[in-house]
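Down below is the structure, laid out as structure tokens.
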Amino acid sequence: MRDNKVTQAQGGSDPETRRAMADLTAKLTQDYWNGLHEKTPGQLLAVGYSTLGEGYNREAYRRLRIPALRRLLHRNRVVPRNLLEAGVGTGAYAGLWQELGVTEWTGIDISPRAIAHLRLRYPSAEFHVIDLARPEDEFKGQCFDFVTAIDVLYHIIDDGHFATALTWLASHVGEASHLVVSDVFTDSPFGRRFKHVRRRPMEAYLQVLEPLGLRLVDRESVFAILGDPVPDGRGRGGTLYQLWRILQKSIRMMPDSLQGAYGATVVRLAYPIDALIRAMTDLRGINLELALFRKVSSTHYR
């Protein structure tokens, strides 16, 4: 989950003011991500929890984020070859793409610095600077057999821009191919407590994707207590949230020289508990999930 301080500019009623505010918001967003990638080039804290250090993020990707995606794809026999990865960041999933046999990897990101770094690190892949909130279609007419938008869409605060981004992603999913997105999929007001994050319920995704022929086929929980829970209106998730607060506060209180090693140790020790809770508890609408959609023919779609 990305942690930033970019806020959504509020536009006026006339078109020129709205365009000016949209331009300003895009610049602020790009400047923020560029700053992170310049300060910590290639490091996972540029795309994960930036205040918890590289050790925590490295172990969280290795033990939770990447295995969750692997489980989801293996369970549904998704074998991608031609991939479009939105919000590619530091290329955190590159090892998984290689493991799965991806032969054509195309990544997009709002940060030119992130893209420049990836072009040097992975010269055989293709990377482009694109703002999902206002995408320019460099891939017009091109479809991929696998499209991902992991830990990206909930950073698009404006609902119209969110719909634009999701529609654009869907337009590049090939027939009988797949799209993966991530969110907590909740309508709890607690999921909007940060100005830079807007959690949305699954219905918000379905309203955009179903008319475009994308059907939800599976979901996979990523975190229980090692990511940011969102308690709902019925009180579900409250205990998990308190445990998360204790864990992340203990990491943040560590001196810089110790934070990396300590954060990694927290994940290693708490991971079995996190996995047990995920196995025994329905965490839908409480913590981060991956959702897998499949593009079906309009003649077969219901």
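In the structure tokens, the first chain shown is A, the next is B, and so on; residue numbers restart at 1 for each chain, and ligands run from 1 in the order shown.
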
Which residues come within 9 Å of Met202 of chain A, counting only C-alpha atoms, excluding same-chain residues fewer than 5 positions away, as JSON, numbers by chain?
{"A": [183, 184, 185, 186, 187, 207, 285]}

Need the shell around Gly263 of chain A: protein/DNA/RNA residues with any atom at most 6 Å away, counting only C-alpha atoms. Skip same-chain ones fewer than 6 positions apart. Format as a VMD selection string?
chain A and resid 55 to 56 251

Written selection (N, CA, C and O atoms) as a PDB file, in the first residue's frame:
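Result went into again.pdb, see below:
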```
ATOM      1  N   GLY A  55      13.372  -2.968   5.292  1.00  0.00           N
ATOM      2  CA  GLY A  55      13.305  -4.329   5.811  1.00  0.00           C
ATOM      3  C   GLY A  55      11.885  -4.841   5.892  1.00  0.00           C
ATOM      4  O   GLY A  55      11.587  -5.963   5.451  1.00  0.00           O
ATOM      5  N   TYR A  56      10.995  -4.035   6.469  1.00  0.00           N
ATOM      6  CA  TYR A  56       9.588  -4.431   6.537  1.00  0.00           C
ATOM      7  C   TYR A  56       9.025  -4.677   5.139  1.00  0.00           C
ATOM      8  O   TYR A  56       8.388  -5.706   4.881  1.00  0.00           O
ATOM      9  N   ILE A 251       7.763  -0.285  14.816  1.00  0.00           N
ATOM     10  CA  ILE A 251       8.757  -0.141  13.744  1.00  0.00           C
ATOM     11  C   ILE A 251       9.142   1.318  13.570  1.00  0.00           C
ATOM     12  O   ILE A 251      10.332   1.670  13.460  1.00  0.00           O
TER      13      ILE A 251
END
```

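Nearest residue to Leu216 of chain A, choosing from A:Leu276, A:Ala291, A:Val147, A:Ala46 and counting only C-alpha atoms: A:Ala291.
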
Atom-to-atom span, atom CA of Trp97 of chain A and atom CA of Asp145 of chain A, Å
13.0 Å

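In terms of minimum interatomic distance to Ser50 of chain A, A:Gln259 ranks closest within A:Thr106, A:Gln259, A:Ser221, A:Thr265, counting only C-alpha atoms.
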
Segment 29-254 of chain A: residues DSSP assigns to alpha helix (DSSP H), reported as JSON, numbers by chain:
{"A": [29, 30, 31, 32, 33, 34, 35, 36, 37, 38, 39, 53, 54, 55, 56, 57, 58, 59, 60, 66, 67, 68, 69, 70, 71, 72, 73, 74, 75, 94, 95, 96, 97, 98, 99, 100, 112, 113, 114, 115, 116, 117, 118, 119, 120, 121, 159, 160, 161, 162, 163, 164, 165, 166, 167, 168, 169, 170, 202, 203, 204, 205, 206, 207, 208, 209, 238, 239, 240, 241, 242, 243, 244, 245, 246, 247, 248, 249, 250, 251, 252]}

As a PyMOL selection string, please: every residue in segment 66-298 of chain A that a backbone DSSP assignment puts in strand (DSSP E or B).
chain A and resi 82-86+104-109+126-129+144-149+173-183+214-221+289-295

Could those residues be written to a file, using C-alpha atoms, as a CSV table (one decimal), in the first residue's frame?
```
chain,number,residue,atom,x,y,z
A,82,ASN,CA,1.9,-10.7,-22.6
A,83,LEU,CA,1.7,-8.4,-19.6
A,84,LEU,CA,0.7,-4.8,-18.9
A,85,GLU,CA,1.6,-3.7,-15.4
A,86,ALA,CA,0.1,-0.4,-14.3
A,104,GLU,CA,6.5,-9.5,-23.0
A,105,TRP,CA,6.5,-7.2,-20.0
A,106,THR,CA,5.1,-3.7,-20.5
A,107,GLY,CA,5.1,-1.4,-17.4
A,108,ILE,CA,3.6,2.1,-16.9
A,109,ASP,CA,4.0,4.5,-14.1
A,126,GLU,CA,9.1,-1.9,-22.3
A,127,PHE,CA,8.2,1.0,-19.9
A,128,HIS,CA,6.2,4.2,-20.4
A,129,VAL,CA,5.3,7.3,-18.4
A,144,PHE,CA,-2.7,-8.0,-23.4
A,145,ASP,CA,-3.5,-11.4,-21.9
A,146,PHE,CA,-2.8,-10.1,-18.4
A,147,VAL,CA,-3.3,-6.6,-17.0
A,148,THR,CA,-2.5,-5.6,-13.4
A,149,ALA,CA,-3.2,-2.5,-11.3
A,173,VAL,CA,-7.6,-6.8,-21.6
A,174,GLY,CA,-7.8,-9.3,-24.4
A,175,GLU,CA,-10.6,-11.8,-25.0
A,176,ALA,CA,-10.6,-14.6,-22.4
A,177,SER,CA,-7.8,-12.7,-20.6
A,178,HIS,CA,-7.5,-11.4,-17.1
A,179,LEU,CA,-7.2,-8.2,-15.0
A,180,VAL,CA,-6.0,-8.0,-11.4
A,181,VAL,CA,-6.7,-5.1,-9.1
A,182,SER,CA,-6.3,-4.6,-5.4
A,183,ASP,CA,-8.2,-2.7,-2.7
A,214,LEU,CA,-15.1,-8.4,-17.3
A,215,ARG,CA,-16.4,-10.9,-14.7
A,216,LEU,CA,-15.1,-11.3,-11.2
A,217,VAL,CA,-13.8,-14.8,-10.9
A,218,ASP,CA,-11.8,-14.9,-7.6
A,219,ARG,CA,-10.4,-13.0,-4.7
A,220,GLU,CA,-7.3,-13.4,-2.5
A,221,SER,CA,-6.5,-11.8,0.9
A,289,GLU,CA,-7.3,-8.2,-1.3
A,290,LEU,CA,-6.5,-9.0,-4.9
A,291,ALA,CA,-9.4,-9.4,-7.2
A,292,LEU,CA,-9.2,-11.4,-10.5
A,293,PHE,CA,-11.5,-10.5,-13.4
A,294,ARG,CA,-11.8,-12.4,-16.7
A,295,LYS,CA,-12.8,-10.9,-20.0
```

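Across the structure, atom CA of Asp256 of chain A and atom CA of Gly53 of chain A are spaced 8.4 Å apart.
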
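For the pair atom CA of Pro67 of chain A and atom CA of Arg199 of chain A, the separation is 22.7 Å.
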
Using only C-alpha atoms, which protein or nucleic acid residues come within 10 Å of Phe162 of chain A? Drop anything in the same chain fewer than 3 positions from it, and give the result as an MDAnalysis selection string.
chainID A and resid 132:134 153:159 165:168 198 204:205 208

Of the candidates A:Arg75, A:Arg252, A:Arg119, A:Arg70, which one gets nearest to Leu52 of chain A if we count only C-alpha atoms?
A:Arg252

Might you pull out every residue within 12 Å of Gly235 of chain A, with only C-alpha atoms counted and same-chain residues fewer than 3 positions away left off, and present them as a PyMOL selection string?
chain A and resi 188+190+229-232+238-241+285-286

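Among the candidates A:Phe194, A:Arg236, A:Glu136, A:Trp244, the one nearest to Leu283 of chain A when counting only C-alpha atoms is A:Arg236.
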